[in-house]
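S.K.: This structure is in structure tokens; I'll ask about it shortly.
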Amino acid sequence: MRQAQHQLSIATSGKGLVEITPQVKRWVEEQGIATGLLTLYCRHTSASLLIQENADPDVLTDLKSFFEDIAPETRKYVHDTEGSDDMSAHIRTALTHTSLAVPVVSGKLALGTWQGIYLFEHRRAPHKREVVLHLIGE
């Protein structure tokens, strides 16, 4: 059994989804592990990870709009120390994921045809986000 670990630094331009599939795929394929499990972990409380459709950009537009509706910045929150968009960002992260697991089959991510891996930035301002990749297998 082998293990490998890597950290991606993802620059965001504010709220929205940033596809990270190409970087993740490239790193996994470089590891030479044929069968295993990749764990991705977002090291933040106001950004998250999703596996979502990557064929039609309207899906991402609708997801972003939906999260604006269910966790609006305009609501009066008690926690506002870091700005008016902070608590809504924490709620969005709580409703999504900070970690994902993706099987590796024949040295490649076992994603479906229309699936991509996304970092979902929940804050208005651009950020540098860190995603830790951990691969175990043989």
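By order in the structure tokens, chains are A, B, ...; within a chain, residues start at 1; ligands start at 1, following the order shown.
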Report as CSV: every residue of range 42-115 of chain A with an atom at most 8 Å from range 4-26 of chain A, its closest pair of atoms, and their distance in Å to one decimal, counting only C-alpha atoms, with rows sorted by chain and ascending residue number.
M.R.:
```
residue,atom,partner,partner_atom,distance
A:Leu60,CA,A:Leu17,CA,6.9
A:Lys64,CA,A:Gly16,CA,6.4
A:Lys108,CA,A:Lys25,CA,7.1
A:Leu109,CA,A:Lys25,CA,6.6
```
S.K.: With N, CA, C and O atoms retained, could you export that selection as a PDB file, in the first residue's frame?
M.R.:
```pdb
ATOM      1  N   LEU A  60     -23.996  25.567 -12.822  1.00  0.00           N
ATOM      2  CA  LEU A  60     -23.226  26.329 -11.831  1.00  0.00           C
ATOM      3  C   LEU A  60     -23.907  27.654 -11.512  1.00  0.00           C
ATOM      4  O   LEU A  60     -23.933  28.083 -10.352  1.00  0.00           O
ATOM      5  N   LYS A  64     -25.257  28.618  -7.728  1.00  0.00           N
ATOM      6  CA  LYS A  64     -24.855  29.865  -7.075  1.00  0.00           C
ATOM      7  C   LYS A  64     -26.094  30.673  -6.666  1.00  0.00           C
ATOM      8  O   LYS A  64     -26.188  31.165  -5.533  1.00  0.00           O
ATOM      9  N   LYS A 108      -6.836   6.332 -12.740  1.00  0.00           N
ATOM     10  CA  LYS A 108      -7.597   7.546 -13.059  1.00  0.00           C
ATOM     11  C   LYS A 108      -8.746   7.735 -12.073  1.00  0.00           C
ATOM     12  O   LYS A 108      -9.261   6.772 -11.511  1.00  0.00           O
ATOM     13  N   LEU A 109      -9.152   8.999 -11.896  1.00  0.00           N
ATOM     14  CA  LEU A 109     -10.312   9.282 -11.048  1.00  0.00           C
ATOM     15  C   LEU A 109     -11.550   8.618 -11.645  1.00  0.00           C
ATOM     16  O   LEU A 109     -11.771   8.685 -12.859  1.00  0.00           O
TER      17      LEU A 109
END
```
S.K.: Can you pull out the residues contacting range 27-43 of chain A? Cut-off 9 Å, using only C-alpha atoms, and skip same-chain residues under 2 positions away; I want them as a ChimeraX atom specification.
M.R.: /A:2-4,6,22-25,45,47-49,97-109,119,129-138
S.K.: What are the DSSP strand (DSSP E) residues of chain A, as a ChimeraX atom specification?
M.R.: /A:2-11,16-19,36-42,47-53,99-105,108-109,115-121,128-137
S.K.: Next, dump the selected residues to file, keeping only N, CA and C atoms, as a short mmCIF file (atom, residue, chain, number, x, y, z; two decimals), in the first residue's frame.
M.R.:
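Written output follows (out.cif):
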```cif
data_model
loop_
_atom_site.label_atom_id
_atom_site.label_comp_id
_atom_site.auth_asym_id
_atom_site.auth_seq_id
_atom_site.Cartn_x
_atom_site.Cartn_y
_atom_site.Cartn_z
N ARG A 2 0.59 2.17 -0.89
CA ARG A 2 1.35 3.43 -0.96
C ARG A 2 0.43 4.59 -0.62
N GLN A 3 1.06 5.69 -0.19
CA GLN A 3 0.32 6.92 0.07
C GLN A 3 1.06 8.09 -0.54
N ALA A 4 0.31 9.10 -0.94
CA ALA A 4 0.91 10.33 -1.44
C ALA A 4 0.02 11.48 -0.99
N GLN A 5 0.66 12.63 -0.78
CA GLN A 5 -0.09 13.80 -0.33
C GLN A 5 0.41 15.03 -1.08
N HIS A 6 -0.52 15.95 -1.31
CA HIS A 6 -0.19 17.16 -2.07
C HIS A 6 -1.16 18.26 -1.63
N GLN A 7 -0.74 19.50 -1.77
CA GLN A 7 -1.63 20.62 -1.46
C GLN A 7 -1.78 21.51 -2.68
N LEU A 8 -3.02 21.77 -3.07
CA LEU A 8 -3.31 22.70 -4.16
C LEU A 8 -3.61 24.06 -3.56
N SER A 9 -3.13 25.10 -4.20
CA SER A 9 -3.48 26.46 -3.83
C SER A 9 -4.37 26.99 -4.95
N ILE A 10 -5.60 27.34 -4.61
CA ILE A 10 -6.60 27.75 -5.60
C ILE A 10 -6.93 29.22 -5.40
N ALA A 11 -6.72 30.01 -6.42
CA ALA A 11 -7.08 31.43 -6.37
C ALA A 11 -8.53 31.56 -6.84
N GLY A 16 -18.41 31.90 -6.19
CA GLY A 16 -18.59 31.09 -7.39
C GLY A 16 -17.84 29.78 -7.29
N LEU A 17 -17.96 29.02 -8.36
CA LEU A 17 -17.35 27.70 -8.42
C LEU A 17 -16.14 27.71 -9.35
N VAL A 18 -15.05 27.13 -8.85
CA VAL A 18 -13.81 27.04 -9.62
C VAL A 18 -13.53 25.56 -9.85
N GLU A 19 -13.52 25.15 -11.12
CA GLU A 19 -13.25 23.74 -11.40
C GLU A 19 -11.77 23.44 -11.17
N GLY A 36 -7.11 2.82 -5.83
CA GLY A 36 -7.02 3.47 -4.54
C GLY A 36 -8.18 4.41 -4.27
N LEU A 37 -7.95 5.29 -3.32
CA LEU A 37 -8.96 6.25 -2.92
C LEU A 37 -8.29 7.61 -2.70
N LEU A 38 -8.84 8.62 -3.37
CA LEU A 38 -8.37 9.99 -3.19
C LEU A 38 -9.32 10.71 -2.25
N THR A 39 -8.76 11.33 -1.23
CA THR A 39 -9.52 12.20 -0.35
C THR A 39 -9.07 13.62 -0.62
N LEU A 40 -10.04 14.53 -0.78
CA LEU A 40 -9.76 15.95 -0.95
C LEU A 40 -10.32 16.65 0.27
N TYR A 41 -9.56 17.60 0.81
CA TYR A 41 -9.99 18.31 2.01
C TYR A 41 -9.74 19.80 1.86
N CYS A 42 -10.79 20.59 2.02
CA CYS A 42 -10.71 22.05 1.95
C CYS A 42 -10.42 22.59 3.35
N ALA A 47 -15.50 28.13 2.42
CA ALA A 47 -15.41 27.58 1.06
C ALA A 47 -15.62 26.08 1.20
N SER A 48 -16.04 25.44 0.12
CA SER A 48 -16.33 24.01 0.19
C SER A 48 -15.97 23.31 -1.11
N LEU A 49 -16.21 22.01 -1.12
CA LEU A 49 -15.91 21.19 -2.29
C LEU A 49 -17.19 20.52 -2.78
N LEU A 50 -17.31 20.41 -4.09
CA LEU A 50 -18.47 19.74 -4.70
C LEU A 50 -18.02 18.90 -5.87
N ILE A 51 -18.73 17.81 -6.10
CA ILE A 51 -18.66 17.11 -7.38
C ILE A 51 -19.97 17.47 -8.07
N GLN A 52 -19.84 18.05 -9.26
CA GLN A 52 -21.02 18.58 -9.94
C GLN A 52 -20.84 18.46 -11.44
N GLU A 53 -21.92 18.67 -12.16
CA GLU A 53 -21.88 18.62 -13.63
C GLU A 53 -20.91 19.67 -14.16
N SER A 99 -14.88 17.95 2.57
CA SER A 99 -14.06 16.84 2.08
C SER A 99 -14.86 15.98 1.11
N LEU A 100 -14.12 15.36 0.20
CA LEU A 100 -14.70 14.45 -0.79
C LEU A 100 -13.82 13.22 -0.87
N ALA A 101 -14.40 12.10 -1.28
CA ALA A 101 -13.63 10.89 -1.55
C ALA A 101 -13.98 10.44 -2.97
N VAL A 102 -12.95 10.16 -3.76
CA VAL A 102 -13.14 9.72 -5.14
C VAL A 102 -12.29 8.47 -5.37
N PRO A 103 -12.90 7.37 -5.79
CA PRO A 103 -12.11 6.17 -6.09
C PRO A 103 -11.17 6.41 -7.27
N VAL A 104 -10.05 5.70 -7.25
CA VAL A 104 -9.10 5.71 -8.36
C VAL A 104 -9.13 4.30 -8.95
N VAL A 105 -9.42 4.24 -10.24
CA VAL A 105 -9.53 2.97 -10.96
C VAL A 105 -8.62 3.03 -12.18
N LYS A 108 -6.84 6.33 -12.74
CA LYS A 108 -7.60 7.55 -13.06
C LYS A 108 -8.75 7.73 -12.07
N LEU A 109 -9.15 9.00 -11.90
CA LEU A 109 -10.31 9.28 -11.05
C LEU A 109 -11.55 8.62 -11.65
N GLN A 115 -19.08 14.70 -14.66
CA GLN A 115 -18.72 15.15 -13.32
C GLN A 115 -17.38 15.88 -13.29
N GLY A 116 -17.35 16.95 -12.50
CA GLY A 116 -16.12 17.69 -12.26
C GLY A 116 -16.01 17.99 -10.77
N ILE A 117 -14.81 18.28 -10.32
CA ILE A 117 -14.57 18.63 -8.91
C ILE A 117 -14.42 20.15 -8.85
N TYR A 118 -15.15 20.76 -7.92
CA TYR A 118 -15.17 22.22 -7.81
C TYR A 118 -14.85 22.67 -6.39
N LEU A 119 -14.12 23.77 -6.31
CA LEU A 119 -14.01 24.54 -5.07
C LEU A 119 -15.12 25.58 -5.15
N PHE A 120 -15.94 25.65 -4.13
CA PHE A 120 -17.08 26.58 -4.10
C PHE A 120 -16.72 27.70 -3.13
N GLU A 121 -16.36 28.85 -3.68
CA GLU A 121 -16.01 30.02 -2.87
C GLU A 121 -17.30 30.70 -2.43
N LYS A 128 -7.19 32.97 -1.57
CA LYS A 128 -6.33 31.83 -1.89
C LYS A 128 -6.82 30.71 -0.99
N ARG A 129 -7.29 29.64 -1.59
CA ARG A 129 -7.81 28.51 -0.82
C ARG A 129 -6.87 27.32 -0.96
N GLU A 130 -6.76 26.55 0.11
CA GLU A 130 -5.90 25.37 0.12
C GLU A 130 -6.75 24.11 0.15
N VAL A 131 -6.43 23.19 -0.75
CA VAL A 131 -7.10 21.89 -0.80
C VAL A 131 -6.01 20.82 -0.68
N VAL A 132 -6.13 19.99 0.34
CA VAL A 132 -5.17 18.91 0.56
C VAL A 132 -5.68 17.67 -0.14
N LEU A 133 -4.79 17.03 -0.91
CA LEU A 133 -5.10 15.77 -1.59
C LEU A 133 -4.33 14.65 -0.89
N HIS A 134 -5.02 13.57 -0.59
CA HIS A 134 -4.37 12.40 0.01
C HIS A 134 -4.82 11.18 -0.78
N LEU A 135 -3.85 10.47 -1.35
CA LEU A 135 -4.13 9.30 -2.16
C LEU A 135 -3.52 8.08 -1.49
N ILE A 136 -4.32 7.03 -1.37
CA ILE A 136 -3.84 5.77 -0.81
C ILE A 136 -4.25 4.66 -1.76
N GLY A 137 -3.35 3.73 -1.98
CA GLY A 137 -3.67 2.62 -2.86
C GLY A 137 -2.44 1.86 -3.28
#
```
S.K.: List the spatial neighbours of range 68-84 of chain A as JSON, numbers by chain - criterion: any atom at most 12 Å away, only C-alpha atoms, same-chain residues fewer than 2 positions off excluded.
M.R.: {"A": [15, 16, 46, 61, 62, 63, 64, 65, 66, 86, 87, 88, 89, 90, 91, 92, 93, 94, 95, 122, 123, 124, 125]}
S.K.: Create the file for the chosen residues now, containing N, CA and C atoms and written as a short mmCIF file (atom, residue, chain, number, x, y, z; two decimals), in the first residue's frame.
M.R.:
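Output saved as selection03.cif:
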```cif
data_model
loop_
_atom_site.label_atom_id
_atom_site.label_comp_id
_atom_site.auth_asym_id
_atom_site.auth_seq_id
_atom_site.Cartn_x
_atom_site.Cartn_y
_atom_site.Cartn_z
N LYS A 15 -17.17 35.00 -4.98
CA LYS A 15 -18.19 33.95 -4.97
C LYS A 15 -18.29 33.22 -6.30
N GLY A 16 -18.41 31.90 -6.19
CA GLY A 16 -18.59 31.09 -7.39
C GLY A 16 -17.84 29.78 -7.29
N SER A 46 -15.27 28.84 5.01
CA SER A 46 -16.15 29.66 4.17
C SER A 46 -15.94 29.34 2.69
N THR A 61 -24.47 28.30 -12.53
CA THR A 61 -25.21 29.55 -12.33
C THR A 61 -26.39 29.32 -11.40
N ASP A 62 -27.14 28.25 -11.64
CA ASP A 62 -28.31 27.95 -10.82
C ASP A 62 -27.92 27.57 -9.40
N LEU A 63 -26.84 26.83 -9.23
CA LEU A 63 -26.37 26.48 -7.88
C LEU A 63 -26.00 27.74 -7.10
N LYS A 64 -25.26 28.62 -7.73
CA LYS A 64 -24.85 29.86 -7.07
C LYS A 64 -26.09 30.67 -6.67
N SER A 65 -27.06 30.76 -7.55
CA SER A 65 -28.30 31.49 -7.27
C SER A 65 -29.09 30.85 -6.13
N PHE A 66 -29.17 29.53 -6.12
CA PHE A 66 -29.88 28.81 -5.07
C PHE A 66 -29.28 29.10 -3.70
N ASP A 86 -19.75 36.85 5.78
CA ASP A 86 -19.06 35.76 6.45
C ASP A 86 -20.00 34.68 6.98
N MET A 87 -21.05 35.06 7.71
CA MET A 87 -21.93 34.04 8.28
C MET A 87 -22.68 33.29 7.20
N SER A 88 -23.11 33.98 6.16
CA SER A 88 -23.79 33.27 5.06
C SER A 88 -22.81 32.28 4.41
N ALA A 89 -21.53 32.62 4.35
CA ALA A 89 -20.52 31.70 3.82
C ALA A 89 -20.38 30.46 4.70
N HIS A 90 -20.41 30.65 6.01
CA HIS A 90 -20.32 29.50 6.93
C HIS A 90 -21.53 28.58 6.76
N ILE A 91 -22.71 29.16 6.58
CA ILE A 91 -23.93 28.35 6.39
C ILE A 91 -23.82 27.54 5.09
N ARG A 92 -23.36 28.18 4.03
CA ARG A 92 -23.22 27.48 2.74
C ARG A 92 -22.22 26.33 2.86
N THR A 93 -21.14 26.55 3.59
CA THR A 93 -20.16 25.48 3.79
C THR A 93 -20.78 24.34 4.59
N ALA A 94 -21.58 24.68 5.61
CA ALA A 94 -22.23 23.65 6.43
C ALA A 94 -23.20 22.80 5.61
N LEU A 95 -23.77 23.38 4.57
CA LEU A 95 -24.73 22.66 3.73
C LEU A 95 -24.07 21.88 2.58
N HIS A 122 -17.43 30.92 -1.11
CA HIS A 122 -18.65 31.52 -0.57
C HIS A 122 -18.48 32.97 -0.13
N ARG A 123 -17.27 33.51 -0.24
CA ARG A 123 -17.03 34.91 0.15
C ARG A 123 -16.96 35.80 -1.09
N ARG A 124 -17.30 37.07 -0.91
CA ARG A 124 -17.31 38.06 -2.00
C ARG A 124 -15.91 38.37 -2.54
N ALA A 125 -14.95 38.51 -1.64
CA ALA A 125 -13.60 38.91 -2.02
C ALA A 125 -12.81 37.71 -2.57
#
```
S.K.: May I have all residues of range 34-137 of chain A that DSSP, computed from the backbone, assigns to alpha helix (DSSP H), given as a ChimeraX atom specification?
M.R.: /A:57-70,86-95
S.K.: Can I get the selected residues back with N, CA and C atoms, as a tab-separated table (two decimals), in the first residue's frame?
M.R.:
```tsv
chain	number	residue	atom	x	y	z
A	57	PRO	N	-22.70	25.09	-18.13
A	57	PRO	CA	-22.41	26.13	-17.13
A	57	PRO	C	-23.66	26.69	-16.44
A	58	ASP	N	-24.84	26.47	-17.02
A	58	ASP	CA	-26.07	26.91	-16.38
A	58	ASP	C	-26.29	26.22	-15.04
A	59	VAL	N	-25.78	25.00	-14.90
A	59	VAL	CA	-25.89	24.28	-13.62
A	59	VAL	C	-25.18	25.08	-12.53
A	60	LEU	N	-24.00	25.57	-12.82
A	60	LEU	CA	-23.23	26.33	-11.83
A	60	LEU	C	-23.91	27.65	-11.51
A	61	THR	N	-24.47	28.30	-12.53
A	61	THR	CA	-25.21	29.55	-12.33
A	61	THR	C	-26.39	29.32	-11.40
A	62	ASP	N	-27.14	28.25	-11.64
A	62	ASP	CA	-28.31	27.95	-10.82
A	62	ASP	C	-27.92	27.57	-9.40
A	63	LEU	N	-26.84	26.83	-9.23
A	63	LEU	CA	-26.37	26.48	-7.88
A	63	LEU	C	-26.00	27.74	-7.10
A	64	LYS	N	-25.26	28.62	-7.73
A	64	LYS	CA	-24.85	29.86	-7.07
A	64	LYS	C	-26.09	30.67	-6.67
A	65	SER	N	-27.06	30.76	-7.55
A	65	SER	CA	-28.30	31.49	-7.27
A	65	SER	C	-29.09	30.85	-6.13
A	66	PHE	N	-29.17	29.53	-6.12
A	66	PHE	CA	-29.88	28.81	-5.07
A	66	PHE	C	-29.28	29.10	-3.70
A	67	PHE	N	-27.95	29.06	-3.62
A	67	PHE	CA	-27.29	29.32	-2.33
A	67	PHE	C	-27.44	30.78	-1.90
A	68	GLU	N	-27.54	31.69	-2.85
A	68	GLU	CA	-27.83	33.10	-2.52
A	68	GLU	C	-29.21	33.19	-1.85
A	69	ASP	N	-30.16	32.39	-2.34
A	69	ASP	CA	-31.52	32.41	-1.80
A	69	ASP	C	-31.60	31.81	-0.39
A	70	ILE	N	-30.91	30.67	-0.18
A	70	ILE	CA	-31.08	29.99	1.11
A	70	ILE	C	-30.18	30.53	2.21
A	86	ASP	N	-19.75	36.85	5.78
A	86	ASP	CA	-19.06	35.76	6.45
A	86	ASP	C	-20.00	34.68	6.98
A	87	MET	N	-21.05	35.06	7.71
A	87	MET	CA	-21.93	34.04	8.28
A	87	MET	C	-22.68	33.29	7.20
A	88	SER	N	-23.11	33.98	6.16
A	88	SER	CA	-23.79	33.27	5.06
A	88	SER	C	-22.81	32.28	4.41
A	89	ALA	N	-21.53	32.62	4.35
A	89	ALA	CA	-20.52	31.70	3.82
A	89	ALA	C	-20.38	30.46	4.70
A	90	HIS	N	-20.41	30.65	6.01
A	90	HIS	CA	-20.32	29.50	6.93
A	90	HIS	C	-21.53	28.58	6.76
A	91	ILE	N	-22.71	29.16	6.58
A	91	ILE	CA	-23.93	28.35	6.39
A	91	ILE	C	-23.82	27.54	5.09
A	92	ARG	N	-23.36	28.18	4.03
A	92	ARG	CA	-23.22	27.48	2.74
A	92	ARG	C	-22.22	26.33	2.86
A	93	THR	N	-21.14	26.55	3.59
A	93	THR	CA	-20.16	25.48	3.79
A	93	THR	C	-20.78	24.34	4.59
A	94	ALA	N	-21.58	24.68	5.61
A	94	ALA	CA	-22.23	23.65	6.43
A	94	ALA	C	-23.20	22.80	5.61
A	95	LEU	N	-23.77	23.38	4.57
A	95	LEU	CA	-24.73	22.66	3.73
A	95	LEU	C	-24.07	21.88	2.58
```
